[in-house]
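As provided, data_0.cif (mmCIF, C-alpha atoms) reads as follows.
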```
data_structure
#
loop_
_atom_site.label_atom_id
_atom_site.label_comp_id
_atom_site.auth_asym_id
_atom_site.auth_seq_id
_atom_site.Cartn_x
_atom_site.Cartn_y
_atom_site.Cartn_z
CA GLY A 248 69.05 -76.37 -67.92
CA ASN A 249 69.20 -77.05 -64.21
CA SER A 250 66.79 -75.23 -61.91
CA VAL A 251 65.53 -75.33 -58.33
CA THR A 252 62.09 -74.18 -57.16
CA GLN A 253 61.35 -73.48 -53.50
CA MET A 254 58.18 -72.50 -51.76
CA GLU A 255 57.81 -68.81 -51.17
CA GLY A 256 58.17 -67.41 -47.71
CA PRO A 257 58.18 -66.20 -45.18
CA VAL A 258 57.15 -69.27 -43.27
CA THR A 259 56.03 -68.22 -39.79
CA LEU A 260 55.70 -70.85 -37.06
CA SER A 261 55.42 -71.08 -33.32
CA GLU A 262 58.17 -72.81 -31.38
CA GLU A 263 57.88 -76.64 -31.41
CA ALA A 264 55.77 -76.65 -34.58
CA PHE A 265 56.50 -79.02 -37.47
CA LEU A 266 58.35 -77.53 -40.43
CA THR A 267 58.25 -78.40 -44.10
CA ILE A 268 59.92 -76.32 -46.79
CA ASN A 269 59.24 -77.68 -50.26
CA CYS A 270 61.93 -77.93 -52.91
CA THR A 271 61.69 -79.42 -56.38
CA TYR A 272 64.34 -79.51 -59.04
CA THR A 273 64.84 -79.91 -62.77
CA ALA A 274 68.02 -81.54 -63.99
CA THR A 275 69.09 -84.24 -66.39
CA GLY A 276 70.60 -87.31 -64.81
CA TYR A 277 71.33 -87.55 -61.12
CA PRO A 278 72.34 -84.37 -59.35
CA SER A 279 73.54 -84.03 -55.79
CA LEU A 280 71.12 -82.06 -53.63
CA PHE A 281 71.85 -79.66 -50.79
CA TRP A 282 70.18 -77.46 -48.22
CA TYR A 283 72.08 -74.39 -47.11
CA VAL A 284 71.08 -72.09 -44.25
CA GLN A 285 71.84 -68.41 -43.78
CA TYR A 286 71.46 -67.12 -40.23
CA PRO A 287 71.05 -63.36 -39.74
CA GLY A 288 74.31 -61.53 -40.41
CA GLU A 289 76.13 -64.65 -41.55
CA GLY A 290 77.07 -66.33 -44.82
CA LEU A 291 75.37 -69.38 -46.30
CA GLN A 292 76.49 -72.63 -44.74
CA LEU A 293 75.75 -76.22 -45.58
CA LEU A 294 72.92 -77.74 -43.54
CA LEU A 295 72.67 -81.17 -45.14
CA LYS A 296 73.06 -82.98 -48.43
CA ALA A 297 72.12 -86.16 -50.29
CA THR A 298 74.04 -87.53 -53.21
CA LYS A 299 71.82 -90.27 -54.64
CA ALA A 300 68.18 -91.27 -54.89
CA ASP A 301 66.49 -92.30 -51.62
CA ASP A 302 69.37 -90.96 -49.54
CA LYS A 303 68.35 -88.98 -46.48
CA GLY A 304 70.47 -86.07 -45.35
CA SER A 305 70.17 -84.98 -41.73
CA ASN A 306 71.70 -82.42 -39.38
CA LYS A 307 70.59 -80.44 -36.31
CA GLY A 308 67.20 -82.20 -36.32
CA PHE A 309 66.55 -81.29 -39.97
CA GLU A 310 66.01 -84.01 -42.58
CA ALA A 311 65.51 -84.17 -46.34
CA THR A 312 65.07 -87.22 -48.56
CA TYR A 313 66.20 -87.30 -52.19
CA ARG A 314 63.08 -88.36 -54.12
CA LYS A 315 63.92 -89.03 -57.74
CA GLU A 316 60.39 -90.03 -58.71
CA THR A 317 59.01 -86.66 -57.65
CA THR A 318 62.25 -84.69 -58.24
CA SER A 319 61.94 -83.30 -54.73
CA PHE A 320 64.11 -82.66 -51.68
CA HIS A 321 61.76 -81.24 -49.07
CA LEU A 322 63.26 -80.01 -45.80
CA GLU A 323 61.55 -81.10 -42.57
CA LYS A 324 62.02 -80.66 -38.84
CA GLY A 325 59.76 -82.09 -36.21
CA SER A 326 60.02 -79.30 -33.64
CA VAL A 327 61.45 -75.92 -34.60
CA GLN A 328 63.16 -73.52 -32.22
CA VAL A 329 63.50 -69.75 -32.26
CA SER A 330 67.17 -70.25 -33.12
CA ASP A 331 66.14 -71.92 -36.40
CA SER A 332 64.95 -68.56 -37.73
CA ALA A 333 66.97 -68.09 -40.90
CA VAL A 334 66.80 -68.24 -44.70
CA TYR A 335 66.99 -71.74 -46.19
CA PHE A 336 68.30 -72.39 -49.71
CA CYS A 337 67.82 -75.57 -51.71
CA ALA A 338 70.56 -76.28 -54.26
CA LEU A 339 71.73 -78.88 -56.74
CA SER A 340 75.06 -79.72 -58.27
CA ARG A 341 75.33 -81.76 -61.38
CA GLY A 342 77.71 -82.50 -64.16
CA ARG A 343 80.36 -80.25 -65.52
CA SER A 344 79.88 -76.79 -66.84
CA SER A 345 81.62 -75.71 -70.01
CA GLY A 346 84.54 -74.85 -67.78
CA GLY A 347 84.80 -78.30 -66.24
CA SER A 348 83.48 -77.85 -62.73
CA TYR A 349 80.40 -78.45 -60.69
CA ILE A 350 78.70 -75.11 -60.25
CA PRO A 351 75.83 -75.23 -57.75
CA THR A 352 72.39 -73.99 -58.80
CA PHE A 353 70.31 -72.40 -56.03
CA GLY A 354 66.67 -71.72 -55.34
CA ARG A 355 65.51 -68.28 -54.26
CA GLY A 356 65.55 -69.09 -50.55
CA THR A 357 62.74 -69.42 -48.00
CA SER A 358 62.69 -67.27 -44.90
CA LEU A 359 61.67 -69.05 -41.69
CA ILE A 360 60.50 -67.04 -38.69
CA VAL A 361 59.91 -68.92 -35.44
CA HIS A 362 58.06 -67.17 -32.62
CA PRO A 363 58.41 -68.16 -28.94
CA GLY B 177 91.57 -66.72 -42.28
CA ALA B 178 89.21 -69.41 -41.18
CA GLY B 179 86.46 -68.63 -43.66
CA VAL B 180 85.67 -66.76 -46.85
CA SER B 181 86.01 -63.05 -46.30
CA GLN B 182 84.34 -60.36 -48.42
CA SER B 183 84.81 -56.62 -48.35
CA PRO B 184 83.27 -54.18 -48.04
CA SER B 185 80.22 -55.58 -46.29
CA ASN B 186 78.13 -52.67 -47.53
CA LYS B 187 78.70 -50.28 -50.40
CA VAL B 188 76.58 -47.35 -51.50
CA THR B 189 77.58 -45.79 -54.80
CA GLU B 190 76.22 -43.26 -57.22
CA LYS B 191 74.89 -44.36 -60.56
CA GLY B 192 77.63 -44.30 -63.17
CA LYS B 193 80.51 -44.89 -60.75
CA ASP B 194 82.75 -47.95 -60.81
CA VAL B 195 82.94 -50.32 -57.83
CA GLU B 196 85.29 -53.11 -56.79
CA LEU B 197 84.22 -55.97 -54.56
CA ARG B 198 86.81 -58.19 -52.93
CA CYS B 199 86.79 -61.85 -51.95
CA ASP B 200 89.40 -63.71 -49.90
CA PRO B 201 88.66 -67.45 -50.18
CA ILE B 202 89.65 -70.13 -47.72
CA SER B 203 93.38 -70.78 -48.00
CA GLY B 204 94.11 -73.57 -50.44
CA HIS B 205 90.70 -73.53 -52.10
CA THR B 206 91.26 -73.55 -55.83
CA ALA B 207 87.66 -73.06 -56.97
CA LEU B 208 86.03 -69.67 -56.45
CA TYR B 209 82.53 -68.57 -57.42
CA TRP B 210 80.70 -65.26 -57.56
CA TYR B 211 76.92 -65.11 -57.24
CA ARG B 212 74.45 -62.25 -57.18
CA GLN B 213 71.25 -62.16 -55.16
CA ARG B 214 68.69 -59.53 -56.00
CA LEU B 215 65.91 -58.83 -53.54
CA GLY B 216 63.42 -61.69 -53.48
CA GLN B 217 65.34 -63.76 -55.99
CA GLY B 218 67.65 -66.74 -55.89
CA LEU B 219 71.40 -66.86 -56.19
CA GLU B 220 72.38 -66.01 -59.74
CA PHE B 221 75.70 -67.47 -60.89
CA LEU B 222 78.13 -64.91 -62.29
CA ILE B 223 81.58 -66.43 -62.78
CA TYR B 224 83.73 -69.37 -61.74
CA PHE B 225 87.51 -69.48 -61.23
CA GLN B 226 89.74 -72.52 -61.15
CA GLY B 227 93.05 -71.21 -59.90
CA ASN B 228 93.60 -67.88 -61.64
CA SER B 229 91.67 -68.87 -64.76
CA ALA B 230 87.98 -68.25 -65.36
CA PRO B 231 86.72 -71.14 -67.49
CA ASP B 232 83.10 -70.14 -67.01
CA LYS B 233 82.04 -66.50 -67.28
CA SER B 234 78.63 -67.33 -68.65
CA GLY B 235 76.74 -65.61 -65.83
CA LEU B 236 78.24 -62.14 -66.18
CA PRO B 237 75.23 -60.02 -67.16
CA SER B 238 77.02 -57.46 -69.33
CA ASP B 239 80.44 -56.23 -70.36
CA ARG B 240 80.30 -53.78 -67.45
CA PHE B 241 81.05 -56.73 -65.20
CA SER B 242 84.52 -58.26 -64.95
CA ALA B 243 86.47 -60.27 -62.43
CA GLU B 244 90.00 -61.39 -61.85
CA ARG B 245 91.86 -63.61 -59.45
CA THR B 246 95.52 -63.46 -58.54
CA GLY B 247 97.87 -65.80 -56.71
CA GLU B 248 95.13 -68.42 -56.68
CA SER B 249 93.74 -66.41 -53.81
CA VAL B 250 92.06 -63.01 -53.78
CA SER B 251 89.41 -62.23 -56.36
CA THR B 252 88.01 -58.85 -57.35
CA LEU B 253 84.65 -58.32 -59.04
CA THR B 254 84.48 -54.97 -60.83
CA ILE B 255 81.30 -53.30 -61.99
CA GLN B 256 81.80 -50.32 -64.27
CA ARG B 257 79.30 -47.51 -64.77
CA THR B 258 76.97 -48.93 -62.15
CA GLN B 259 73.23 -48.92 -62.76
CA GLN B 260 70.39 -49.15 -60.27
CA GLU B 261 69.60 -52.69 -61.38
CA ASP B 262 73.06 -53.70 -60.15
CA SER B 263 71.85 -53.23 -56.58
CA ALA B 264 72.06 -56.64 -54.94
CA VAL B 265 74.02 -58.75 -52.50
CA TYR B 266 77.15 -60.16 -54.16
CA LEU B 267 78.24 -63.47 -52.70
CA CYS B 268 81.57 -65.22 -53.05
CA ALA B 269 82.14 -68.92 -52.37
CA SER B 270 85.08 -71.31 -52.61
CA SER B 271 85.63 -75.04 -52.78
CA PRO B 272 88.73 -77.14 -52.13
CA VAL B 273 91.01 -78.94 -54.56
CA GLY B 274 89.39 -82.02 -56.02
CA ALA B 275 85.85 -80.81 -55.46
CA THR B 276 83.16 -83.03 -56.96
CA MET B 277 79.44 -82.62 -57.40
CA ASN B 278 79.09 -83.80 -53.80
CA THR B 279 81.35 -81.09 -52.37
CA GLU B 280 79.83 -78.15 -50.57
CA ALA B 281 80.66 -74.54 -51.35
CA PHE B 282 81.86 -72.28 -48.52
CA PHE B 283 80.35 -68.80 -48.61
CA GLY B 284 81.35 -65.37 -47.42
CA GLN B 285 78.86 -63.00 -45.82
CA GLY B 286 78.40 -61.04 -49.00
CA THR B 287 78.68 -57.41 -50.08
CA ARG B 288 75.44 -55.45 -50.19
CA LEU B 289 75.68 -53.01 -53.08
CA THR B 290 73.23 -50.14 -53.35
CA VAL B 291 73.31 -47.89 -56.40
CA VAL B 292 71.58 -44.55 -55.87
#
```

Could you render the structure from this file as structure tokens?
Amino acid sequence: GNSVTQMEGPVTLSEEAFLTINCTYTATGYPSLFWYVQYPGEGLQLLLKATKADDKGSNKGFEATYRKETTSFHLEKGSVQVSDSAVYFCALSRGRSSGGSYIPTFGRGTSLIVHP
Amino acid sequence: GAGVSQSPSNKVTEKGKDVELRCDPISGHTALYWYRQRLGQGLEFLIYFQGNSAPDKSGLPSDRFSAERTGESVSTLTIQRTQQEDSAVYLCASSPVGATMNTEAFFGQGTRLTVV
């Protein structure tokens, strides 16, 4: 079945440091890949996505490239800010379930803590 | 409302009691999902609705769990005879008509359930 594996957190960085959060996936065929972010006290929201191999999703200074050869979708940011402190979830969506819809599969989430 | 709304935000219940969790999706969204997130774990799919029908209930962990949706709007997740292992954050998400594998899911803030 489909699965998503993320690096364990928390990831603790100083402001302006470089961020990488690793994500690898297992799926047959060609899923769409997503990063969601959950800020404290809020619901998950889409950060970025990529729908085919070699696509790069980007938003708010974050980037992730869909690497089919390594089945990865690592999240990167060149210079993090305190306001980036949140939990980040990698997810995939592929094919149709028995019920005929695309049900996203999520990783366990990685907490990012950025200190001033 | 503007987003997915869940209530209550927090619920503490005694072991053996029944609980009902409510989700109000974004108006017009036909797809609705319930997920569970236990401490330190990823989002675990529970059930998916398309309109008022639930074509995929494969994630419900036991027959103590049930869900319904009415008016292609509000959904209620019911847990009967709660157990301590039911303690988790229960998340609801919705997607619009015509969602594909590239379509994001829109999440509520979740209900934190604690069974004591």

Since I can't run it myself right now, could you work out what the PyMOL selection byres ((chain A and resi 261) around 10) selects here and report it as an mmCIF file with C-alpha atoms, in the frame of the given file?
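Written output follows (selection_29.cif):
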```cif
data_model
loop_
_atom_site.group_PDB
_atom_site.id
_atom_site.type_symbol
_atom_site.label_atom_id
_atom_site.label_comp_id
_atom_site.auth_asym_id
_atom_site.auth_seq_id
_atom_site.Cartn_x
_atom_site.Cartn_y
_atom_site.Cartn_z
ATOM 1 C CA THR A 259 56.030 -68.220 -39.790
ATOM 2 C CA LEU A 260 55.700 -70.850 -37.060
ATOM 3 C CA GLU A 262 58.170 -72.810 -31.380
ATOM 4 C CA GLU A 263 57.880 -76.640 -31.410
ATOM 5 C CA ALA A 264 55.770 -76.650 -34.580
ATOM 6 C CA PHE A 265 56.500 -79.020 -37.470
ATOM 7 C CA SER A 326 60.020 -79.300 -33.640
ATOM 8 C CA VAL A 327 61.450 -75.920 -34.600
ATOM 9 C CA GLN A 328 63.160 -73.520 -32.220
ATOM 10 C CA VAL A 329 63.500 -69.750 -32.260
ATOM 11 C CA ILE A 360 60.500 -67.040 -38.690
ATOM 12 C CA VAL A 361 59.910 -68.920 -35.440
ATOM 13 C CA HIS A 362 58.060 -67.170 -32.620
ATOM 14 C CA PRO A 363 58.410 -68.160 -28.940
#
```

* Give me, as a count of residues only, the contact residues of chain B against chain A at a cut-off of 8 Å, counting all atoms listed in the file. => 21

* **Result set, the PyMOL selection byres ((chain B and resi 182) around 7) on current file, as a ChimeraX atom specification** => /B:180-181,183-185,198-200,284-287

* To do: Write out as JSON, numbers by chain each polymer residue whose atoms come within 9 Å of A:Thr318, counting only C-alpha atoms; drop sequence neighbours fewer than 6 positions from it.
  => {"A": [270, 271, 272, 273, 274]}

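The two atoms in question, atom CA of A:His321 and atom CA of A:Pro257, are spaced 15.9 Å apart.
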
* Asked: Which residues come within 10 Å of B:Gly204, counting all atoms listed in the file, excluding same-chain residues fewer than 5 positions away, as a ChimeraX atom specification?
  -> /B:227,248-249,270-273

* To do: With a distance cut-off of 10 Å and only C-alpha atoms, select the neighbouring residues of B:Asp239, excluding the residue or stretch itself and same-chain residues fewer than 3 positions from it, and output the selection as a list in words.
  => Leu236, Ser242, Ile255 and Gln256 of chain B

* To do: List the residues matched by the PyMOL selection byres ((chain A and resi 307) around 10) in the displayed structure as a list of chain:residue names, ordered by chain and then by residue number.
  =>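 Here the PyMOL selection byres ((chain A and resi 307) around 10) matches A:Leu294, A:Leu295, A:Ser305, A:Asn306, A:Gly308, A:Phe309, A:Glu310, A:Lys324, A:Asp331.
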
Report, as JSON, the centre and edge lengths in Å (one decimal) of the axis-aligned box enclosing every listed atom of stretch 282-290 of chain B, padded by 3 Å on each side.
```
{"center_x": 77.5, "center_y": -61.2, "center_z": -49.6, "size_x": 14.6, "size_y": 28.1, "size_z": 13.5}
```

* Asked: So what do you get for atom CA of B:Ser263 versus atom CA of B:Glu190, distance-wise?
  ->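 Going from atom CA of B:Ser263 over to atom CA of B:Glu190, I get 10.9 Å.
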
* Please, what distance in Å, to one decimal, runs between atom CA of B:Gln226 and atom CA of B:Val265? ->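 If I compute the distance from atom CA of B:Gln226 to atom CA of B:Val265, I get 22.6 Å.
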
* Asked: Which neighbours of B:Lys193 fall inside 10 Å, counting all atoms listed in the file, when residues of the same chain fewer than 4 positions from it are skipped, and could you give them as a list in words?
  -> Thr189, Ile255, Gln256, Arg257, Thr258, Gln259 and Val291 of chain B

* To do: Anything within 12 Å of (96.9, -64.6, -59.4): list those residues as JSON, numbers by chain, counting all atoms listed in the file and sticking to the file's coordinates.
  => {"B": [206, 225, 226, 227, 228, 229, 230, 243, 244, 245, 246, 247, 248, 249, 250, 251, 252]}
